[in-house]
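Some notes on the structure that comes next.
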Amino acid sequence: MNFYLTYLLVATLLFAFTAIFALVALYAERKVSAFIQDRLGPMETGKFGLLQPFADILKMLHKEFIIPSAADKVLFTLAPIIIYVAVYMGFATLPWAPGVVPVSLNLGVFYIFAILSVETVGILMAGWGSNNKYALLGSMRSVAQIVSYEIPAGVSVIAAVMISQSLDLQEVSAEQGILAAHPIKFLGIWTVNHTGGILAWNIFQAPHLIVAFVIYFIASLAECNRAPFDIPEAESELVAGFHVEYSGIRFAFFFLAEYSMMFLVSMIAALLFLGGWNTPLPNIGPARLADWTTGTAWGICWIVMKAIILVGTQIWIRWTLPRLRVDQLMNLCWKILTPVAFACMLISGIWRLAVM
Amino acid sequence: MIPLEHYLLISAALFCIGLYAVFTRRNAIQVLIGIEFMINAAVINFVAFSKYDKAKLGGQVFALFAIVLAAAGVAVALAIILNVYKYYKTIDPGKIDELRD
Amino acid sequence: MLACGAAVIPLLGAIATYTFSKRNRGSGIAIAGSVLTFVLSALVFYTTWDHTAIHRQISWFTIGDLTFTAGVLLNNLSVLMLFLISGISLLVHIYSAAYMKLDPRLPVYWTCLGLFCFSMMALVVADSLLLIYLFWELVGFSSYLLIGFWNTRQAAVLANKKAFIINRIGDIGFLAGIMVLFSQYHTLDLVTLFSDHGLVASSPRIGGVWVGATGQLSQAWLTIAGAVFFFGAMAKSAQFPLHTWLPDAMEGPTPVSSLIHAATMVAAGVFLLVRVFPLFDQTVLLLIASIGTFTAFMAATIALAQHDIKKILAWSTISQLGYMIAAIGMGSPESAMFHLATHAFFKCLLFLSAGAVIHELQHHYAKSGDTTDPQDIRNMGGLRKKMPVTFIVMTIAALALAGFPGTSGFLSKDAVLVSAFGWGAAEQNVFSVIPYLLFVTSLLTAFYVARLIFKVFFGPAGQEELHEAPAPMRWPMIVLALCCLFPLFSVNPVSFESAWIMAGFYLNAVEAGAYHTYVPVLVSLGGTAAVFFAWFCYGRNRSGNIFTDKGMLYRFALNGWYFDKLYLAVFVKPVVLLSRILFGFDKKVVDGLVNAVGSLGLSLSAVSRWTDRYLVDAAVNGLGSISKTIGNFTRNFQNGRVQYYLLATVAGVLLFFMFTYFL
Amino acid sequence: MNPGELICYILAGVVVISALVVVLTANLVRSVFLFFVTLFALAGLYVFSLADFVAVTQVIVYVGGVLVLMLFAFMLSNKELLNSLRQPAAAKLSMLTNIPAGIVAAGVFTVLAISTKGLQLAAPSGMSLFPAGMLNAGDNTIHLLGVRLMTNYLLPFELASVFLLMALIGAAHLARKGKEST
């Protein structure tokens, strides 16, 4: 029975992490936006407004559950849960450090993409269940966008996976540092099995993966419905998209799902392209920086730092770039990202056969 | 360890449910869902039998093919259903009984 | 071949003018064509006249074992006609170019004229009666077109209809003649039939039976054949019962009148009679002579009283044609041909001069807005000074018509009269009056033509702005005037025997007798007297004192002896009445019969319909409804619903498995 | 019965019951969403049958593809279609006509169940039944599948890819609101 208890504990820990991260990200978003817009942001609650996210969460918890009378009550109720659970289950196979992974699954990336696609069902449920044309339109836009951007994201992920020769994210991470079992080469020429550090990251092992990484990052923005791809919930057009009718704790679930999703895709990017839980510091002669900074705690530290930097970039982009039109969105996806991603995949194959 | 027969029973039940949907539903999309049930019943059998074939893994491979091709079939079928609706203003397969334009 | 060319060129010209009439309206092409025709005809005439006849033919078509041929026969007769026609048509073409200059339908005019010349020439060179018949019809048709050329005028339309219908009547005769000859000889070839030793000449008449080469007929048929041929010629040449179309045909343009109704078309009848001359027996000849003489006399009297200048000339034409016919009837076709040739020239000239006068007057009246009839001689006078050339040439032509010495008319008329007196001396009965009648006619001719000249050219001048006709009209007239004088025909101005045309036809020699001397003298003296009498009546402007407009005889003559009214009363009205009666008969009796049969059929079909519906159909419907019921039942299995099909299929499979497992 | 088997039977029950509800419910949209539950449960069954890759493919294709496509097709189409999808409560007459179909389906199930009952896995004479042994829970099925797909089943794999391309083009052609749609 211990077996199951451990799983339960891990699940609780993950949930706690996503919840706390959402609070932090909420605060960070407000502060970053304020900083970019040259203002102060929340300042009243606590020092520097540090208690603001808790105040928000309290407000949401106290709000009334409103179910519109014309809504499909079952779908309406289930939708936020399904969306959050889909994102939450994605965390199951993410490795945090060498040997630290909730479930070691040999088809980790594939599984994550499968489970994330469930989120679209939840969004459709929310849109349909609200029986509101803004909600329906928002959900349809959202789903169309997610389904479209899954292609370049998936293909660029495959490009990375082909270099790493594994779907298991733990193995992918391990292959990008001094713990690699197979010979790894910096830019395909210099064996860095013992040097490690930033030189062993996937994007430096095979430089075309930098392009794949950028594609994946852009596509992940779209999958999170983050600006500049936030037309599904564009306030000026659709009020708020598929969650317009939601309030209270249900709305908080959407919020939670969104920030968890941000962290999830950032973490996947870090795992696949940026060395995972590996240290960026290489061994330089006698200074065994890589050896010294590799370990369970270091691993968690590095991966969280990398993910948070990417989330920060997402927040930064949100408050910098204007929103895309639907046709620009689709053109970008199908005419630029998808072909380039396919090209990256092709180069990965050639790289794998010819260079490595 | 679930015995093979149980998988086959589940498969048979799912197949018959799909068959019933195909017979009775007055809506082409539900008929389509019925067909998907029947395909999934077949996939269950494939998967269940493939446990005994480690060397070739034919069951799983063909389960994959079946799933992927069924998805393609659904895409085409939905396109056809939408077109049918455009002309007949109904998607009841029982009412679409004319071959003329 | 030249003759063929000569005949065909007008046709080509006609087609060409019709096709290319945009520029200068076809006159150039038409005149060039007729010049070419004339040159070719002259060549043919030169090479063939007084030589052996040329006869070329090809196989045309075959019916059974009879082969019909088509070909060209050139002997003295046909080349003379060819030459005559082409020459006159050339002059008329030139004249027309000026006369018709302002007509909007000039290309059509040239086309019709070309067609006419073609058919006329083809008629005279054709070697078979069938071909002649064809072109005979074509001549009738093209003259129909030309008479009715001004088809917006009611009178012209009526006139061309009349001409056409009367010609049709005559054609029946021609056709009947062809049939008789064909049934007798089984050929229509002219040479075979009518040469010196041809079939007709060598067919004996024995005991009232006409023995032909292939069979024999009653001699009556010979008479009938001749009579019907004459009947055909009668219509074409405007002889007594069928003459009424010719005066009316003057409704056509004057050059047309001149060409068709003076010189060529009407000559076709005479030509035909000369062609088939060996066929005629005594009875027919006598008939021909009588008719011709009567026509000549009658037409002359009518011409005395006419006011319309063209009508006078038309009746005069009929009269002169009567002379020719009479000459043929009196067994002297050579003098008929001679008169035909000379008459062609002076009558053509008379018409052209009259045309010139009318043309000028018409222009004058049109300019002054006057509605006076430009053809009425009562409105004319004193043109002598205004149109001297016209006056001179017309006077020459008039003298030729009157038969004064020095003119061609003197020669030919004498030829006719001398042969008439010669023939008359042999006759014992009432027919001996014929030569005297012809003589009187000759005096009348002199009188009316003098009347015409005096009326038109003498007396007080009425119109001030008149002047001579334009050159293209004047020159043909002058040429024709020269042709009216004796040198063209004979070196000796008083002896017609020395004329080469007479010499060209040695059919039978005219016996030289006392008539030979005194007939010409008497004719000349009588003619002079008649002219003086005319001068006395008209020239000194004392008209009316002898021939009042009220006189019965005058009106009798003016109306052409009331033949038109007679025909209207005798033929047209009864025919109309008869057709009304027949129409009524048709409507009441025939239609009634048909309707009765129809209603009988209707009632029969009603019966059969009842049978059909309640017996036959009932059986069929019964079968049908049985199969329909079965079909309706089975239709449920074929309702187009895929789900039912699938259900049925699966149920069937299920049953199969049930059987395999449980049974 | 260990917890794994328990979960497996629960999943089997979910499959059958949700499938029945999908077929019998009048509310079409709900039935489609329930279809999602059925498919998810089926994926779980595949996992218990040691076909984890097939299970994930099932989820990614059916849930992420087919189901979304179906829902999307509904929602893209016009209002009348949406209304027509909300079927009226099944009339008694229609229930009456459904009885033969139910009988036939039940008959088929009976036949299948009976034939399953007496199932005996028997090898052809002279050959062992499981030459390579049975699949174990620890086996890396992805590795095995990858090797098989690139060796034994390369031709079907390529054929399937061509077929998918054809279906893609065909569906796109059928679904577009072309001027030339006849």
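Simple scheme: letters A, B, ... for chains in structure tokens order, numbers from 1 for residues in each chain, numbers from 1 for ligands in the order shown.
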
Practice task
Counting only C-alpha atoms, collect the residues of chain C whose closest atom lies at most 7 Å from chain D, and write them out as a PyMOL selection string.
Solution key: chain C and resi 647+651+654

Exercise for the section: When you get a sec, could you note down which chain D residues fall within 8 Å of chain A, using only C-alpha atoms, as a ChimeraX atom specification? Expected result: /D:30,33,53,56-57,59-60,63-64,67-68,71-72,75,140,142

Keeping only C-alpha atoms, write those residues as a PDB file, in the first residue's frame.
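This is the output file out.pdb:
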ATOM      1  CA  ARG D  30     -23.601  15.207 -24.068  1.00  0.00           C
ATOM      2  CA  PHE D  33     -18.689  14.304 -24.474  1.00  0.00           C
ATOM      3  CA  PHE D  53       1.803   3.370 -26.788  1.00  0.00           C
ATOM      4  CA  VAL D  56      -1.516   7.173 -25.630  1.00  0.00           C
ATOM      5  CA  THR D  57      -2.136   7.140 -29.353  1.00  0.00           C
ATOM      6  CA  VAL D  59      -5.931   9.492 -26.395  1.00  0.00           C
ATOM      7  CA  ILE D  60      -4.002  11.757 -28.719  1.00  0.00           C
ATOM      8  CA  VAL D  63      -9.554  12.702 -27.840  1.00  0.00           C
ATOM      9  CA  GLY D  64      -7.313  15.312 -29.401  1.00  0.00           C
ATOM     10  CA  LEU D  67     -13.624  14.135 -30.693  1.00  0.00           C
ATOM     11  CA  VAL D  68     -12.466  17.698 -31.175  1.00  0.00           C
ATOM     12  CA  LEU D  71     -17.436  18.907 -31.692  1.00  0.00           C
ATOM     13  CA  PHE D  72     -15.866  21.424 -33.954  1.00  0.00           C
ATOM     14  CA  MET D  75     -20.139  24.132 -33.633  1.00  0.00           C
ATOM     15  CA  ASN D 140       9.868  -1.174 -23.644  1.00  0.00           C
ATOM     16  CA  ILE D 142       8.068   1.761 -27.865  1.00  0.00           C
TER      17      ILE D 142
END

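Among the candidates D:Ala51, D:Ile10, D:Leu159, D:Leu34, the residue lying nearest to chain B is D:Ala51 (atoms considered: only C-alpha atoms).
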
Exercise for the section: For Ala172 (chain D), please output as a ChimeraX atom specification all residues within 12 Å (counting only C-alpha atoms; exclusion window: fewer than 6 positions along the same chain). Expected result: /B:72,75-80,82-83 /D:165-166,178

Name all residues at most 8 Å from region 307-312 of chain A (count only C-alpha atoms; drop same-chain ones fewer than 2 positions away) and give them as a CSV table (one decimal) with C-alpha atoms, in the first residue's frame.
chain,number,residue,atom,x,y,z
A,262,MET,CA,2.8,28.1,-18.6
A,263,PHE,CA,5.1,26.5,-16.2
A,266,SER,CA,8.4,26.2,-20.0
A,267,MET,CA,9.7,23.2,-18.1
A,269,ALA,CA,11.3,23.5,-23.2
A,270,ALA,CA,14.0,23.5,-20.6
A,303,ILE,CA,15.2,23.3,-13.7
A,304,VAL,CA,13.0,25.7,-11.7
A,305,MET,CA,15.3,28.5,-12.6
A,314,GLN,CA,6.3,34.8,-21.5
A,315,ILE,CA,5.1,37.5,-19.2
A,316,TRP,CA,7.5,40.0,-20.7

Exercise for the section: Considering only C-alpha atoms, extract the chain D residues located within 7 Å of chain B and return them as a PyMOL selection string. Expected result: chain D and resi 5+12+16+19-20+23+46+49-51+54+58+61-62+66+98+101-102+105-106+108-109+112-113+116+130+132-135+145+148+160+164+167+170-171+174-175

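Running DSSP on the backbone and keeping only strand (DSSP E), the residues of region 82-316 of chain A that qualify are Lys185, Phe186, Trp190 and Thr191 of chain A.
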
Can you write out the residues you just picked, keeping C-alpha atoms, as a PDB file, in the first residue's frame?
ATOM      1  CA  LYS A 185      29.434  16.272 -28.872  1.00  0.00           C
ATOM      2  CA  PHE A 186      29.369  20.045 -28.779  1.00  0.00           C
ATOM      3  CA  TRP A 190      33.872  18.105 -29.641  1.00  0.00           C
ATOM      4  CA  THR A 191      33.063  15.354 -27.246  1.00  0.00           C
TER       5      THR A 191
END

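Computed from the coordinates, the CA of His143 (chain D) to CA of Leu337 (chain A) distance equals 29.2 Å.
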
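With CA of Ala200 (chain A) on one side and CA of Pro339 (chain A) on the other, the separation reads 27.0 Å.
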